[in-house]
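Colleague: Sending over upload-v1.txt (compact mmCIF, C-alpha atoms).
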# COMPACT_ATOMS: atom_id res chain seq x y z
CA MET V 155 11.15 -29.53 -17.91
CA MET V 156 13.88 -29.18 -15.26
CA GLU V 157 15.57 -26.43 -17.26
CA SER V 158 12.40 -24.33 -17.31
CA ILE V 159 11.95 -24.82 -13.54
CA GLU V 160 15.56 -23.73 -12.99
CA ARG V 161 14.99 -20.64 -15.17
CA VAL V 162 11.89 -19.70 -13.14
CA ARG V 163 13.78 -20.17 -9.86
CA GLY V 164 16.71 -18.13 -11.17
CA GLY V 165 14.35 -15.36 -12.24
CA ARG V 166 12.69 -15.36 -8.82
CA ASP V 167 16.06 -15.25 -7.08
CA ARG V 168 17.16 -12.26 -9.16
CA GLU V 169 13.84 -10.51 -8.50
CA MET V 170 14.14 -11.17 -4.75
CA ALA V 171 17.71 -9.82 -4.78
CA ARG V 172 16.53 -6.66 -6.57
CA MET V 173 13.70 -6.20 -4.08
CA ALA V 174 16.05 -6.71 -1.14
CA ALA V 175 18.46 -4.16 -2.57
CA ALA V 176 15.63 -1.66 -3.12
CA VAL V 177 14.38 -2.14 0.45
CA ALA V 178 17.91 -1.72 1.81
CA VAL V 179 18.36 1.54 -0.11
CA ALA V 180 14.96 2.82 1.03
CA VAL V 181 15.74 2.00 4.67
CA ALA V 182 19.15 3.68 4.43
CA LEU V 183 17.65 6.85 2.91
CA THR V 184 14.94 6.94 5.56
CA VAL V 185 17.48 6.60 8.36
CA VAL V 186 19.61 9.41 6.89
CA ALA V 187 16.56 11.66 6.51
CA LEU V 188 15.43 10.96 10.07
CA LEU V 189 18.88 11.63 11.48
CA GLN V 190 19.14 14.94 9.65
CA GLY V 191 15.61 15.97 10.60
CA ALA V 192 16.12 15.03 14.21
CA GLU V 193 18.70 17.72 14.70
CA ALA V 194 16.58 20.67 13.50
CA THR V 195 13.82 22.25 15.58
CA ARG V 196 10.70 23.91 14.21
CA PHE V 197 9.63 26.71 16.53
CA ILE V 198 6.04 27.90 16.31
CA VAL V 199 6.54 31.60 16.95
CA GLY V 200 4.47 32.68 19.94
CA SER V 201 3.51 29.05 20.68
CA SER V 202 -0.27 28.79 21.01
CA MET V 203 -0.75 32.56 20.55
CA GLY V 204 0.92 32.61 17.13
CA TRP V 205 2.14 35.76 15.38
CA THR V 206 -0.18 38.45 16.69
CA THR V 207 -0.29 41.67 18.69
CA ASN V 208 0.07 41.95 22.46
CA VAL V 209 2.60 39.12 22.73
CA ASN V 210 6.09 39.82 24.06
CA TYR V 211 8.23 37.85 21.62
CA THR V 212 11.42 38.80 23.48
CA VAL V 213 10.10 36.92 26.51
CA TRP V 214 8.93 34.05 24.27
CA ALA V 215 12.42 33.65 22.76
CA GLN V 216 14.56 34.23 25.86
CA ASP V 217 14.69 30.59 27.05
CA LYS V 218 15.22 29.10 23.59
CA HIS V 219 18.39 28.33 21.68
CA PHE V 220 18.22 28.84 17.93
CA TYR V 221 20.68 26.79 15.92
CA ASN V 222 21.72 26.73 12.29
CA GLY V 223 19.19 24.47 10.54
CA ASP V 224 16.21 25.32 12.78
CA TRP V 225 12.97 26.85 11.44
CA LEU V 226 10.66 29.62 12.62
CA PHE V 227 7.02 28.85 11.80
CA PHE V 228 4.70 31.88 11.76
CA VAL V 229 0.92 31.41 12.07
CA TYR V 230 -1.16 34.58 11.64
CA ASP V 231 -4.10 36.29 9.97
CA ARG V 232 -3.00 36.40 6.34
CA ASN V 233 -5.41 39.20 5.47
CA GLN V 234 -3.86 41.66 7.93
CA MET V 235 -0.31 40.77 8.90
CA ASN V 236 2.97 39.72 7.33
CA VAL V 237 6.50 38.53 8.16
CA LEU V 238 9.38 40.78 7.13
CA GLU V 239 13.08 40.40 7.82
CA VAL V 240 14.76 43.76 8.43
CA ASN V 241 18.08 45.07 9.71
CA SER V 242 18.74 46.00 13.34
CA THR V 243 17.98 49.71 12.85
CA ASP V 244 14.65 49.06 11.11
CA TYR V 245 13.80 46.49 13.79
CA ASP V 246 14.34 49.06 16.56
CA SER V 247 12.28 51.71 14.75
CA CYS V 248 9.62 49.31 13.33
CA ASN V 249 10.43 50.50 9.80
CA SER V 250 9.07 48.06 7.22
CA ASP V 251 9.81 50.18 4.13
CA ASN V 252 12.98 48.32 3.04
CA PRO V 253 12.81 44.69 4.19
CA ILE V 254 15.75 42.39 3.55
CA THR V 255 13.32 39.53 2.84
CA ASN V 256 9.55 39.38 2.72
CA TRP V 257 8.77 35.87 4.06
CA THR V 258 5.03 36.34 3.54
CA ARG V 259 3.66 33.77 1.10
CA GLY V 260 -0.04 34.60 1.49
CA ALA V 261 -1.29 31.60 3.46
CA GLY V 262 -0.66 32.90 6.98
CA ARG V 263 1.58 29.88 7.58
CA ASP V 264 5.08 31.03 6.73
CA VAL V 265 8.43 29.43 7.48
CA VAL V 266 11.74 31.22 7.96
CA PRO V 267 14.71 28.86 7.68
CA LEU V 268 17.50 29.75 10.09
CA ASN V 269 20.31 28.56 7.85
CA VAL V 270 23.00 31.17 8.59
CA THR V 271 24.62 31.84 11.96
CA ARG V 272 23.72 35.48 12.54
CA PRO V 273 21.04 37.62 14.17
CA TYR V 274 17.60 37.61 12.49
CA TYR V 275 15.28 40.59 12.93
CA LEU V 276 11.66 39.90 12.02
CA ILE V 277 8.72 42.27 12.19
CA SER V 278 5.18 42.61 10.92
CA GLY V 279 4.58 45.71 8.83
CA LYS V 280 1.31 47.60 8.41
CA GLY V 281 1.78 49.14 11.86
CA PHE V 282 1.57 45.84 13.77
CA CYS V 283 5.24 46.07 14.81
CA TYR V 284 4.25 48.94 17.12
CA GLY V 285 1.84 46.50 18.81
CA GLY V 286 4.73 44.16 19.62
CA MET V 287 4.95 42.01 16.51
CA LYS V 288 8.74 41.89 16.36
CA LEU V 289 11.16 39.09 17.04
CA ALA V 290 14.95 39.08 17.23
CA VAL V 291 16.83 35.80 17.42
CA LYS V 292 20.54 35.02 17.37
CA VAL V 293 21.30 31.85 15.42
CA GLU V 294 24.34 29.85 16.51
CA ASN V 295 26.03 26.70 15.31
CA PRO V 296 24.86 23.65 17.24
CA PRO V 297 27.12 22.55 20.08
CA PRO V 298 29.46 19.65 19.32
CA PRO V 299 28.24 16.21 20.38
CA PRO V 300 29.41 15.10 23.81
CA VAL V 301 32.68 13.22 23.94
CA ALA V 302 32.38 9.71 25.28
CA SER V 303 34.33 9.09 28.45
CA PRO V 304 37.01 6.41 28.27
CA VAL V 305 35.95 2.96 29.33
CA ASN V 306 37.70 1.88 32.50
CA ALA V 307 38.00 -1.85 33.02
CA ALA V 308 36.84 -2.32 36.59
CA PRO V 309 37.93 -5.47 38.43
CA SER V 310 34.32 -6.73 38.52
CA SER V 311 34.05 -6.60 34.70
CA ILE V 312 37.32 -8.52 34.33
CA TYR V 313 36.07 -11.15 36.77
CA ARG V 314 32.74 -11.36 34.96
CA GLY V 315 34.58 -11.93 31.67
CA MET V 316 36.51 -14.78 33.24
CA ILE V 317 33.21 -16.52 34.03
CA VAL V 318 31.12 -15.60 30.99
CA LEU V 319 33.51 -16.81 28.29
CA PRO V 320 33.98 -20.33 29.72
CA ALA V 321 30.21 -20.53 30.32
CA VAL V 322 29.54 -19.74 26.65
CA PHE V 323 31.96 -22.48 25.56
CA ALA V 324 30.38 -24.96 28.00
CA ILE V 325 26.87 -24.24 26.70
CA GLY V 326 28.11 -24.59 23.13
CA ALA V 327 29.73 -27.95 23.91
CA MET V 328 26.55 -29.24 25.57
CA TRP V 329 24.47 -28.09 22.59
CA ASP V 330 26.84 -29.82 20.18
CA ALA V 331 26.62 -33.03 22.20
CA PHE V 332 22.83 -32.80 22.30
CA VAL V 333 22.53 -32.26 18.54
CA ARG V 334 24.85 -35.24 17.78
CA VAL V 335 22.72 -37.54 19.91
CA TRP V 336 19.58 -36.71 17.98
Mind turning the file's structure into structure tokens?
Modeller:
Amino acid sequence: MMESIERVRGGRDREMARMAAAVAVAVALTVVALLQGAEATRFIVGSSMGWTTNVNYTVWAQDKHFYNGDWLFFVYDRNQMNVLEVNSTDYDSCNSDNPITNWTRGAGRDVVPLNVTRPYYLISGKGFCYGGMKLAVKVENPPPPPVASPVNAAPSSIYRGMIVLPAVFAIGAMWDAFVRVW
């Protein structure tokens, strides 16, 4: 009887260890995904106006920094417009005949990943570029993280340490004495 109880407990312990390991792995993967996602920015092109005519996208982009890993999200009328990546010359002349990449996927909700540090030139063909549907952005590498300043030990922190450490030992000694009495 005792052997079967021990087997059941051992099985439960192994199952709990497996579950704990699975939870730990899931938490670690979630943290990594959140940290990576936190660095990238998804820009809705034109903000509330979207990708449409009569919007000055140069003005829209001028106060933004576009970094490697960011995304441009285009929202537009899928039956009329599109999103084409072109070279600088075709951007200036609104020529959509030879796009580098056609980012149009047909839903009117298209994403352009900014995954190379370089200028991107995006226009809408079908004549809409002449109505202002053109966007140029320069993608840069993100700035390095700030360097932490060295910690200077101020006299007040040294003094505080001289009081805190003995206080911790005193509290521990009182607790030990209290527990032994009971």
Colleague: Could you tell me how far CA of Val265 in chain V lies from CA of Ile277 in chain V, in Å and to one decimal?
Modeller: 13.7 Å
Colleague: Please, what distance in Å, to one decimal, runs between CA of Gly200 in chain V and CA of Pro299 in chain V?
Modeller: 28.9 Å
Colleague: So which residues are close to (16.1, 24.6, 22.3), meaning at most 10 Å away in the file's coordinates with all atoms listed in the file counted, and can you show them as a ChimeraX atom specification?
Modeller: /V:194-197,215,217-221,224
Colleague: Can you work out the spacing between CA of Gly204 in chain V and CA of Phe227 in chain V in Å, to one decimal?
Modeller: 8.9 Å
Colleague: Return the single residue from V:Val229, V:Cys248, V:Met203, V:Ala290 that is closest to Leu276 in chain V, with distances computed using all atoms listed in the file.
Modeller: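 Closest residue, counting all atoms listed in the file: V:Ala290.
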Colleague: With only C-alpha atoms as the basis for distance, which of V:Asn295, V:Val199, V:Pro253, V:Leu268 is at the shortest distance from Trp214 in chain V?
Modeller: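 Residue with the minimum atom-to-atom distance to Trp214 in chain V: V:Val199.
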Colleague: Give me the residues within 10 Å of Phe228 in chain V as a list in words, counting all atoms listed in the file and dropping any in the same chain fewer than 6 places off.
Modeller: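 In the requested format, the answer is Phe197, Ile198, Val199, Gly200, Ser201, Gly204, Trp205, Thr206, Asn236, Val237, Trp257, Thr258, Gly262, Arg263, Asp264, Val265 and Val266 of chain V.
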Colleague: Calculated over all atoms listed in the file, which of the candidates V:Val291, V:Pro304, V:Pro296, V:Pro267 has the smallest distance to Leu226 in chain V?
Modeller: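 Among the listed residues, V:Pro267 lies closest to Leu226 in chain V.
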Colleague: V:Ala302, V:Cys283, V:Val293, V:Ile254: which is nearest Asn269 in chain V, counting all atoms listed in the file?
Modeller: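 Distance minimum relative to Asn269 in chain V lands on V:Val293.
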